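**Q** Structure file start_5.cif (mmCIF, C-alpha atoms) is given on the next line.
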```cif
data_input
loop_
_atom_site.group_PDB
_atom_site.id
_atom_site.type_symbol
_atom_site.label_atom_id
_atom_site.label_comp_id
_atom_site.auth_asym_id
_atom_site.auth_seq_id
_atom_site.Cartn_x
_atom_site.Cartn_y
_atom_site.Cartn_z
ATOM 1 C CA MET Q 9 -31.273 22.738 61.474
ATOM 2 C CA CYS Q 10 -28.074 24.539 62.348
ATOM 3 C CA LEU Q 11 -25.867 23.029 59.689
ATOM 4 C CA VAL Q 12 -26.964 22.056 56.178
ATOM 5 C CA VAL Q 13 -24.758 21.173 53.232
ATOM 6 C CA LEU Q 14 -26.524 20.489 49.976
ATOM 7 C CA ALA Q 15 -25.479 19.455 46.480
ATOM 8 C CA TRP Q 16 -27.867 20.447 43.725
ATOM 9 C CA GLN Q 17 -27.480 18.855 40.286
ATOM 10 C CA LYS Q 18 -23.818 18.015 40.905
ATOM 11 C CA HIS Q 19 -24.051 14.214 40.791
ATOM 12 C CA ALA Q 20 -25.245 12.129 37.838
ATOM 13 C CA ASP Q 21 -27.231 9.716 40.004
ATOM 14 C CA TYR Q 22 -28.402 12.073 42.760
ATOM 15 C CA PRO Q 23 -29.637 15.484 41.626
ATOM 16 C CA LEU Q 24 -30.283 16.397 45.275
ATOM 17 C CA ILE Q 25 -28.001 15.440 48.186
ATOM 18 C CA VAL Q 26 -28.638 16.870 51.638
ATOM 19 C CA ALA Q 27 -26.804 16.422 54.940
ATOM 20 C CA GLY Q 28 -27.804 18.387 58.010
ATOM 21 C CA ASN Q 29 -27.421 18.534 61.788
ATOM 22 C CA ARG Q 30 -30.180 19.783 64.020
ATOM 23 C CA ASP Q 31 -28.662 21.624 66.970
ATOM 24 C CA GLU Q 32 -31.116 22.411 69.758
ATOM 25 C CA PHE Q 33 -31.541 22.576 73.512
ATOM 26 C CA HIS Q 34 -31.825 19.029 74.822
ATOM 27 C CA GLY Q 35 -34.891 19.900 76.851
ATOM 28 C CA ARG Q 36 -36.974 21.090 73.886
ATOM 29 C CA PRO Q 37 -39.742 18.532 73.209
ATOM 30 C CA THR Q 38 -39.415 16.831 69.839
ATOM 31 C CA GLU Q 39 -40.918 13.961 67.872
ATOM 32 C CA ASN Q 40 -38.572 11.744 65.908
ATOM 33 C CA ALA Q 41 -38.911 11.690 62.125
ATOM 34 C CA HIS Q 42 -42.108 9.906 61.067
ATOM 35 C CA TRP Q 43 -44.953 10.039 58.579
ATOM 36 C CA TRP Q 44 -47.305 12.577 60.140
ATOM 37 C CA PRO Q 45 -50.731 11.077 61.002
ATOM 38 C CA ASP Q 46 -52.463 14.434 60.459
ATOM 39 C CA ASN Q 47 -50.516 15.099 57.240
ATOM 40 C CA PRO Q 48 -49.788 11.617 55.849
ATOM 41 C CA ASN Q 49 -47.904 12.733 52.734
ATOM 42 C CA LEU Q 50 -45.267 14.470 54.831
ATOM 43 C CA VAL Q 51 -42.281 12.873 56.583
ATOM 44 C CA GLY Q 52 -39.941 14.587 59.016
ATOM 45 C CA GLY Q 53 -39.322 15.339 62.649
ATOM 46 C CA ARG Q 54 -41.617 17.620 64.598
ATOM 47 C CA ASP Q 55 -41.037 20.391 67.100
ATOM 48 C CA LEU Q 56 -43.657 19.805 69.795
ATOM 49 C CA GLN Q 57 -43.144 23.247 71.297
ATOM 50 C CA ALA Q 58 -44.128 25.243 68.203
ATOM 51 C CA GLY Q 59 -45.525 22.538 65.917
ATOM 52 C CA GLY Q 60 -43.319 22.995 62.871
ATOM 53 C CA THR Q 61 -40.331 21.099 61.529
ATOM 54 C CA TRP Q 62 -36.713 21.774 60.589
ATOM 55 C CA LEU Q 63 -36.544 19.378 57.608
ATOM 56 C CA ALA Q 64 -39.226 17.401 55.794
ATOM 57 C CA LEU Q 65 -40.215 15.797 52.507
ATOM 58 C CA HIS Q 66 -43.532 15.437 50.680
ATOM 59 C CA ARG Q 67 -44.447 12.345 48.673
ATOM 60 C CA ASN Q 68 -44.798 14.502 45.564
ATOM 61 C CA GLY Q 69 -41.068 15.314 45.614
ATOM 62 C CA ARG Q 70 -41.024 18.609 47.488
ATOM 63 C CA PHE Q 71 -38.280 19.271 50.023
ATOM 64 C CA ALA Q 72 -37.566 22.066 52.496
ATOM 65 C CA THR Q 73 -35.283 22.744 55.437
ATOM 66 C CA ILE Q 74 -34.653 25.759 57.629
ATOM 67 C CA THR Q 75 -31.901 27.082 59.906
ATOM 68 C CA ASN Q 76 -32.205 29.781 62.525
ATOM 69 C CA PHE Q 77 -30.188 32.963 62.072
ATOM 70 C CA ARG Q 78 -28.007 33.960 65.011
ATOM 71 C CA ASP Q 79 -28.190 37.688 65.575
ATOM 72 C CA ALA Q 80 -28.661 40.230 68.327
ATOM 73 C CA GLU Q 81 -32.405 40.479 67.721
ATOM 74 C CA PRO Q 82 -34.173 38.060 70.086
ATOM 75 C CA PRO Q 83 -37.337 36.261 68.947
ATOM 76 C CA SER Q 84 -40.580 38.024 69.858
ATOM 77 C CA ALA Q 85 -43.747 36.440 71.185
ATOM 78 C CA LYS Q 86 -45.424 37.948 68.112
ATOM 79 C CA ASP Q 87 -43.222 36.002 65.693
ATOM 80 C CA ARG Q 88 -44.708 33.062 63.828
ATOM 81 C CA SER Q 89 -42.897 29.727 64.164
ATOM 82 C CA ARG Q 90 -40.222 29.460 61.515
ATOM 83 C CA GLY Q 91 -40.832 25.719 61.249
ATOM 84 C CA HIS Q 92 -44.206 26.358 59.624
ATOM 85 C CA LEU Q 93 -42.421 27.864 56.614
ATOM 86 C CA VAL Q 94 -41.289 24.329 55.797
ATOM 87 C CA THR Q 95 -44.709 22.676 56.040
ATOM 88 C CA GLU Q 96 -46.519 25.466 54.223
ATOM 89 C CA PHE Q 97 -44.211 25.076 51.234
ATOM 90 C CA LEU Q 98 -44.484 21.292 51.235
ATOM 91 C CA ASN Q 99 -48.269 21.334 51.390
ATOM 92 C CA GLY Q 100 -48.621 23.990 48.695
ATOM 93 C CA GLU Q 101 -48.277 24.028 44.929
ATOM 94 C CA ASP Q 102 -46.238 27.188 44.415
ATOM 95 C CA SER Q 103 -42.834 26.968 42.818
ATOM 96 C CA PRO Q 104 -39.932 27.791 45.145
ATOM 97 C CA PHE Q 105 -39.620 31.163 43.388
ATOM 98 C CA ASP Q 106 -43.265 32.073 43.951
ATOM 99 C CA TYR Q 107 -43.433 30.722 47.493
ATOM 100 C CA LEU Q 108 -40.279 32.406 48.739
ATOM 101 C CA ASN Q 109 -41.293 35.718 47.178
ATOM 102 C CA LYS Q 110 -44.577 35.649 49.084
ATOM 103 C CA ILE Q 111 -43.009 35.289 52.550
ATOM 104 C CA ASP Q 112 -43.272 38.309 54.811
ATOM 105 C CA GLY Q 113 -39.956 37.992 56.602
ATOM 106 C CA SER Q 114 -40.887 40.576 59.212
ATOM 107 C CA ARG Q 115 -43.285 38.064 60.796
ATOM 108 C CA TYR Q 116 -40.452 35.698 61.759
ATOM 109 C CA ALA Q 117 -37.276 35.635 63.784
ATOM 110 C CA GLY Q 118 -34.129 35.272 61.654
ATOM 111 C CA PHE Q 119 -34.073 32.301 59.283
ATOM 112 C CA ASN Q 120 -32.538 30.684 56.209
ATOM 113 C CA LEU Q 121 -34.850 28.519 54.116
ATOM 114 C CA PHE Q 122 -34.089 26.049 51.319
ATOM 115 C CA ALA Q 123 -37.087 24.928 49.240
ATOM 116 C CA SER Q 124 -37.231 22.641 46.192
ATOM 117 C CA ASP Q 125 -40.010 21.163 44.071
ATOM 118 C CA GLY Q 126 -37.577 18.806 42.335
ATOM 119 C CA GLU Q 127 -37.260 21.143 39.361
ATOM 120 C CA THR Q 128 -35.729 24.200 41.004
ATOM 121 C CA LEU Q 129 -34.071 25.025 44.313
ATOM 122 C CA GLY Q 130 -34.524 28.340 46.082
ATOM 123 C CA TRP Q 131 -33.066 30.022 49.162
ATOM 124 C CA LEU Q 132 -34.333 32.901 51.258
ATOM 125 C CA SER Q 133 -33.132 34.654 54.402
ATOM 126 C CA ASN Q 134 -34.950 37.467 56.172
ATOM 127 C CA ARG Q 135 -31.598 38.835 57.300
ATOM 128 C CA GLY Q 136 -30.510 40.196 53.924
ATOM 129 C CA GLY Q 137 -29.484 38.763 50.593
ATOM 130 C CA GLY Q 138 -32.964 38.331 49.153
ATOM 131 C CA MET Q 139 -34.465 35.309 47.457
ATOM 132 C CA GLN Q 140 -32.253 33.340 45.083
ATOM 133 C CA VAL Q 141 -33.011 30.549 42.627
ATOM 134 C CA LEU Q 142 -29.846 28.480 42.893
ATOM 135 C CA GLU Q 143 -27.829 27.079 40.020
ATOM 136 C CA ALA Q 144 -26.105 23.699 40.122
ATOM 137 C CA GLY Q 145 -23.610 23.723 42.969
ATOM 138 C CA ILE Q 146 -22.702 22.809 46.531
ATOM 139 C CA TYR Q 147 -24.161 25.085 49.202
ATOM 140 C CA GLY Q 148 -23.804 25.438 52.947
ATOM 141 C CA LEU Q 149 -25.825 27.012 55.731
ATOM 142 C CA SER Q 150 -25.293 27.459 59.433
ATOM 143 C CA ASN Q 151 -26.689 30.377 61.424
ATOM 144 C CA GLU Q 152 -25.631 33.037 58.951
ATOM 145 C CA ARG Q 153 -26.404 33.706 55.311
ATOM 146 C CA LEU Q 154 -25.817 31.229 52.511
ATOM 147 C CA ASP Q 155 -22.209 30.045 52.124
ATOM 148 C CA SER Q 156 -20.928 32.094 55.036
ATOM 149 C CA PRO Q 157 -17.195 31.307 55.403
ATOM 150 C CA ARG Q 158 -17.589 29.714 58.835
ATOM 151 C CA TYR Q 159 -15.291 26.839 59.721
ATOM 152 C CA LYS Q 160 -18.057 24.238 59.972
ATOM 153 C CA VAL Q 161 -19.612 25.296 56.673
ATOM 154 C CA LEU Q 162 -16.355 25.331 54.709
ATOM 155 C CA ARG Q 163 -15.223 22.039 56.229
ATOM 156 C CA SER Q 164 -18.518 20.281 55.516
ATOM 157 C CA LYS Q 165 -18.818 21.615 51.958
ATOM 158 C CA THR Q 166 -15.289 20.428 51.218
ATOM 159 C CA ALA Q 167 -16.125 16.987 52.608
ATOM 160 C CA LEU Q 168 -19.295 16.735 50.500
ATOM 161 C CA ASN Q 169 -17.454 17.806 47.363
ATOM 162 C CA SER Q 170 -14.813 15.123 48.035
ATOM 163 C CA LEU Q 171 -17.505 12.447 48.306
ATOM 164 C CA ILE Q 172 -19.014 13.543 44.998
ATOM 165 C CA GLN Q 173 -15.655 13.638 43.238
ATOM 166 C CA ALA Q 174 -14.782 10.172 44.553
ATOM 167 C CA ASN Q 175 -18.261 8.842 43.672
ATOM 168 C CA LYS Q 176 -18.719 7.758 47.296
ATOM 169 C CA VAL Q 177 -22.074 9.387 47.970
ATOM 170 C CA ASN Q 178 -24.140 7.159 50.242
ATOM 171 C CA GLU Q 179 -25.994 7.358 53.520
ATOM 172 C CA SER Q 180 -23.122 6.029 55.627
ATOM 173 C CA GLU Q 181 -20.596 8.501 54.222
ATOM 174 C CA LEU Q 182 -22.979 11.426 54.680
ATOM 175 C CA LEU Q 183 -23.614 10.470 58.293
ATOM 176 C CA ARG Q 184 -19.867 10.231 58.838
ATOM 177 C CA LEU Q 185 -19.502 13.735 57.372
ATOM 178 C CA LEU Q 186 -22.076 15.035 59.859
ATOM 179 C CA ASP Q 187 -20.395 13.318 62.822
ATOM 180 C CA ASP Q 188 -17.381 15.608 62.494
ATOM 181 C CA ARG Q 189 -16.543 16.907 65.982
ATOM 182 C CA GLU Q 190 -13.390 18.800 65.028
ATOM 183 C CA ARG Q 191 -13.483 22.380 66.347
ATOM 184 C CA ALA Q 192 -11.942 25.431 64.754
ATOM 185 C CA VAL Q 193 -8.541 26.469 66.041
ATOM 186 C CA ILE Q 194 -8.728 28.866 68.977
ATOM 187 C CA ASP Q 195 -7.323 31.816 67.017
ATOM 188 C CA GLU Q 196 -10.288 31.649 64.620
ATOM 189 C CA ILE Q 197 -13.001 31.847 67.289
ATOM 190 C CA ASP Q 198 -15.054 35.031 67.430
ATOM 191 C CA ALA Q 199 -17.064 34.517 70.611
ATOM 192 C CA GLY Q 200 -19.154 37.667 70.320
ATOM 193 C CA HIS Q 201 -21.769 37.618 73.101
ATOM 194 C CA LEU Q 202 -21.176 33.919 73.871
ATOM 195 C CA PRO Q 203 -18.837 32.448 76.494
ATOM 196 C CA PHE Q 204 -15.625 31.436 74.744
ATOM 197 C CA ALA Q 205 -16.004 27.735 75.614
ATOM 198 C CA THR Q 206 -19.470 27.700 74.042
ATOM 199 C CA ALA Q 207 -18.324 29.557 70.923
ATOM 200 C CA HIS Q 208 -15.467 27.081 70.526
ATOM 201 C CA ALA Q 209 -17.776 24.069 70.942
ATOM 202 C CA ILE Q 210 -20.317 25.275 68.378
ATOM 203 C CA SER Q 211 -17.615 25.848 65.763
ATOM 204 C CA ALA Q 212 -17.602 22.078 65.137
ATOM 205 C CA PRO Q 213 -20.050 20.566 62.635
ATOM 206 C CA PHE Q 214 -21.268 18.247 65.434
ATOM 207 C CA ILE Q 215 -21.855 19.982 68.770
ATOM 208 C CA VAL Q 216 -21.659 18.430 72.238
ATOM 209 C CA LEU Q 217 -22.572 20.633 75.212
ATOM 210 C CA PRO Q 218 -24.412 19.779 78.436
ATOM 211 C CA ASP Q 219 -27.609 21.705 77.650
ATOM 212 C CA TYR Q 220 -27.399 22.195 73.888
ATOM 213 C CA GLY Q 221 -26.004 20.257 70.983
ATOM 214 C CA THR Q 222 -26.565 18.119 67.919
ATOM 215 C CA ARG Q 223 -29.723 16.155 68.611
ATOM 216 C CA SER Q 224 -30.084 14.559 65.193
ATOM 217 C CA SER Q 225 -28.335 14.161 61.848
ATOM 218 C CA SER Q 226 -30.427 13.874 58.691
ATOM 219 C CA THR Q 227 -29.527 12.777 55.181
ATOM 220 C CA VAL Q 228 -31.666 13.043 52.060
ATOM 221 C CA LEU Q 229 -30.898 11.445 48.717
ATOM 222 C CA CYS Q 230 -33.092 11.934 45.652
ATOM 223 C CA ASP Q 231 -32.027 9.814 42.703
ATOM 224 C CA SER Q 232 -32.588 10.404 39.007
ATOM 225 C CA THR Q 233 -35.594 8.035 38.923
ATOM 226 C CA GLY Q 234 -37.536 10.032 41.510
ATOM 227 C CA ARG Q 235 -36.813 7.741 44.431
ATOM 228 C CA TRP Q 236 -36.245 9.526 47.742
ATOM 229 C CA ARG Q 237 -34.554 8.206 50.848
ATOM 230 C CA MET Q 238 -34.258 10.012 54.168
ATOM 231 C CA HIS Q 239 -32.361 8.867 57.241
ATOM 232 C CA GLU Q 240 -32.452 10.396 60.710
ATOM 233 C CA ARG Q 241 -29.864 9.470 63.356
ATOM 234 C CA ARG Q 242 -30.476 10.702 66.890
ATOM 235 C CA PHE Q 243 -28.089 11.468 69.754
ATOM 236 C CA ASP Q 244 -28.329 11.972 73.495
ATOM 237 C CA ALA Q 245 -26.861 14.904 75.412
ATOM 238 C CA SER Q 246 -23.450 13.224 75.579
ATOM 239 C CA GLY Q 247 -23.330 12.912 71.777
ATOM 240 C CA LYS Q 248 -23.945 9.162 71.859
ATOM 241 C CA GLN Q 249 -26.077 7.627 69.100
ATOM 242 C CA CYS Q 250 -29.488 6.626 70.480
ATOM 243 C CA GLY Q 251 -31.728 5.876 67.494
ATOM 244 C CA ASP Q 252 -32.103 5.624 63.717
ATOM 245 C CA SER Q 253 -35.025 5.867 61.312
ATOM 246 C CA THR Q 254 -35.145 5.468 57.524
ATOM 247 C CA PHE Q 255 -37.904 6.388 55.084
ATOM 248 C CA ALA Q 256 -38.129 5.788 51.341
ATOM 249 C CA PHE Q 257 -40.669 6.471 48.616
ATOM 250 C CA THR Q 258 -40.887 7.050 44.873
ATOM 251 C CA VAL Q 259 -42.658 10.100 43.501
ATOM 252 C CA GLY Q 260 -45.862 9.006 41.783
ATOM 253 C CA ASP Q 261 -46.363 5.842 43.811
ATOM 254 C CA ALA Q 262 -49.707 5.546 45.552
ATOM 255 C CA ARG Q 263 -49.726 5.214 49.321
#
```
Transcribe the structure of this file into structure tokens.
**A**
Amino acid sequence: MCLVVLAWQKHADYPLIVAGNRDEFHGRPTENAHWWPDNPNLVGGRDLQAGGTWLALHRNGRFATITNFRDAEPPSAKDRSRGHLVTEFLNGEDSPFDYLNKIDGSRYAGFNLFASDGETLGWLSNRGGGMQVLEAGIYGLSNERLDSPRYKVLRSKTALNSLIQANKVNESELLRLLDDRERAVIDEIDAGHLPFATAHAISAPFIVLPDYGTRSSSTVLCDSTGRWRMHERRFDASGKQCGDSTFAFTVGDAR
């Protein structure tokens, strides 16, 4: 994922609300969200290049999602796939606190990781800040550390807070939040090592570029009864919607 906004214990009916956009090169091979045949308690998309995932759920009520960290340190061939951090948490039994504390961040390119077992929510980046067990609140991630004051993060957190305050949290509204293609004003763009046109394009919550952009939007709602619902909406290189998938389960139900 390259944008995640998350509300933790801020809504009476939905203790966990997640909305995220996966931004990736259009040529990178990917499987749509599905129940994994080789790991049938896990649902999420799959990166066919490295084998991991950017967001997934386990039938026992565990959730994790990861964003890459944009910095000047390029990934090394020796780095482990960051997407495996998601599946290893989901398939384990450690609390978020214990799991995140065990990660050797030096083995991975830059990342931010959210992990929850339904009881607690934790965050870790290997680019500073350390592990945190998060209190009730609304949080945002892009390609920097937690709650970085980037335009897309601030804009999306404000939109999620407005939905909660208006009691309008639902799948359709969350997908509309993620389909926000408004870019930051030119004066606010810090291009860094990127071409200016690219830096301007990626300032929007939803990115459309010829070779790179928002390939899918995902929403996750966990209600107070333990029922989970995940929706994935997919897009082509022009930003046009090209597919939807929905998955639902209740923690404790047999397959």
**Q** Have a look at Q:Gly52, Q:Gln140, Q:Phe77, Q:Ser253 and name the one nearest to Leu108 in chain Q; count all atoms listed in the file.
**A** Q:Gln140
**Q** Can you work out the spacing between CA of Asn175 in chain Q and CA of Gly247 in chain Q in Å, to one decimal?
**A**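 Distance between the two atoms: 28.8 Å.
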**Q** Which distance in Å separates CA of Thr222 in chain Q and CA of Glu240 in chain Q, to one decimal?
**A**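 Separating CA of Thr222 in chain Q from CA of Glu240 in chain Q is a distance of 12.1 Å.
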**Q** Skip range 10-25 of chain Q itself and residues of its chain fewer than 4 positions away, then list as an MDAnalysis selection string all residues within 9 Å of it, counting all atoms listed in the file.
**A** chainID Q and resid 29:32 73:77 126 129 142:151 160:161 164:165 168:169 172:173 175 177 186 213:214 222 227:233
**Q** Expand the PyMOL selection byres ((chain Q and resi 117) around 7) into the explicit residue set it covers here, and present it as an NGL selection string.
**A** :Q and (83 or 87 or 116 or 118-119)
**Q** Give me, please, the distance in Å between CA of Val216 in chain Q and CA of Arg189 in chain Q, quoted to one decimal.
**A**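 Answer for the CA of Val216 in chain Q to CA of Arg189 in chain Q separation: 8.2 Å.
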**Q** Apply the PyMOL selection byres ((chain Q and resi 258) around 7) to the structure shown and report the selected residues as a PDB file with C-alpha atoms, in the coordinates of the input.
**A**
```pdb
ATOM      1  CA  GLY Q 234     -37.536  10.032  41.510  1.00  0.00           C
ATOM      2  CA  ARG Q 235     -36.813   7.741  44.431  1.00  0.00           C
ATOM      3  CA  TRP Q 236     -36.245   9.526  47.742  1.00  0.00           C
ATOM      4  CA  PHE Q 257     -40.669   6.471  48.616  1.00  0.00           C
ATOM      5  CA  VAL Q 259     -42.658  10.100  43.501  1.00  0.00           C
ATOM      6  CA  GLY Q 260     -45.862   9.006  41.783  1.00  0.00           C
ATOM      7  CA  ASP Q 261     -46.363   5.842  43.811  1.00  0.00           C
TER       8      ASP Q 261
END
```
**Q** Check the smallest atom-to-atom distance from each of Q:Ala192, Q:Ala167, Q:Leu121, Q:Ala58 to His208 in chain Q using only C-alpha atoms, then report the winner.
**A**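 Going through Q:Ala192, Q:Ala167, Q:Leu121, Q:Ala58 one by one, the smallest distance to His208 in chain Q is for Q:Ala192.
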**Q** Hey, which of Q:Ala199, Q:Ile210, Q:Leu50, Q:Val26 ends up closest to Leu182 in chain Q? Count all atoms listed in the file.
**A**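 Among the listed residues, Q:Val26 lies closest to Leu182 in chain Q.
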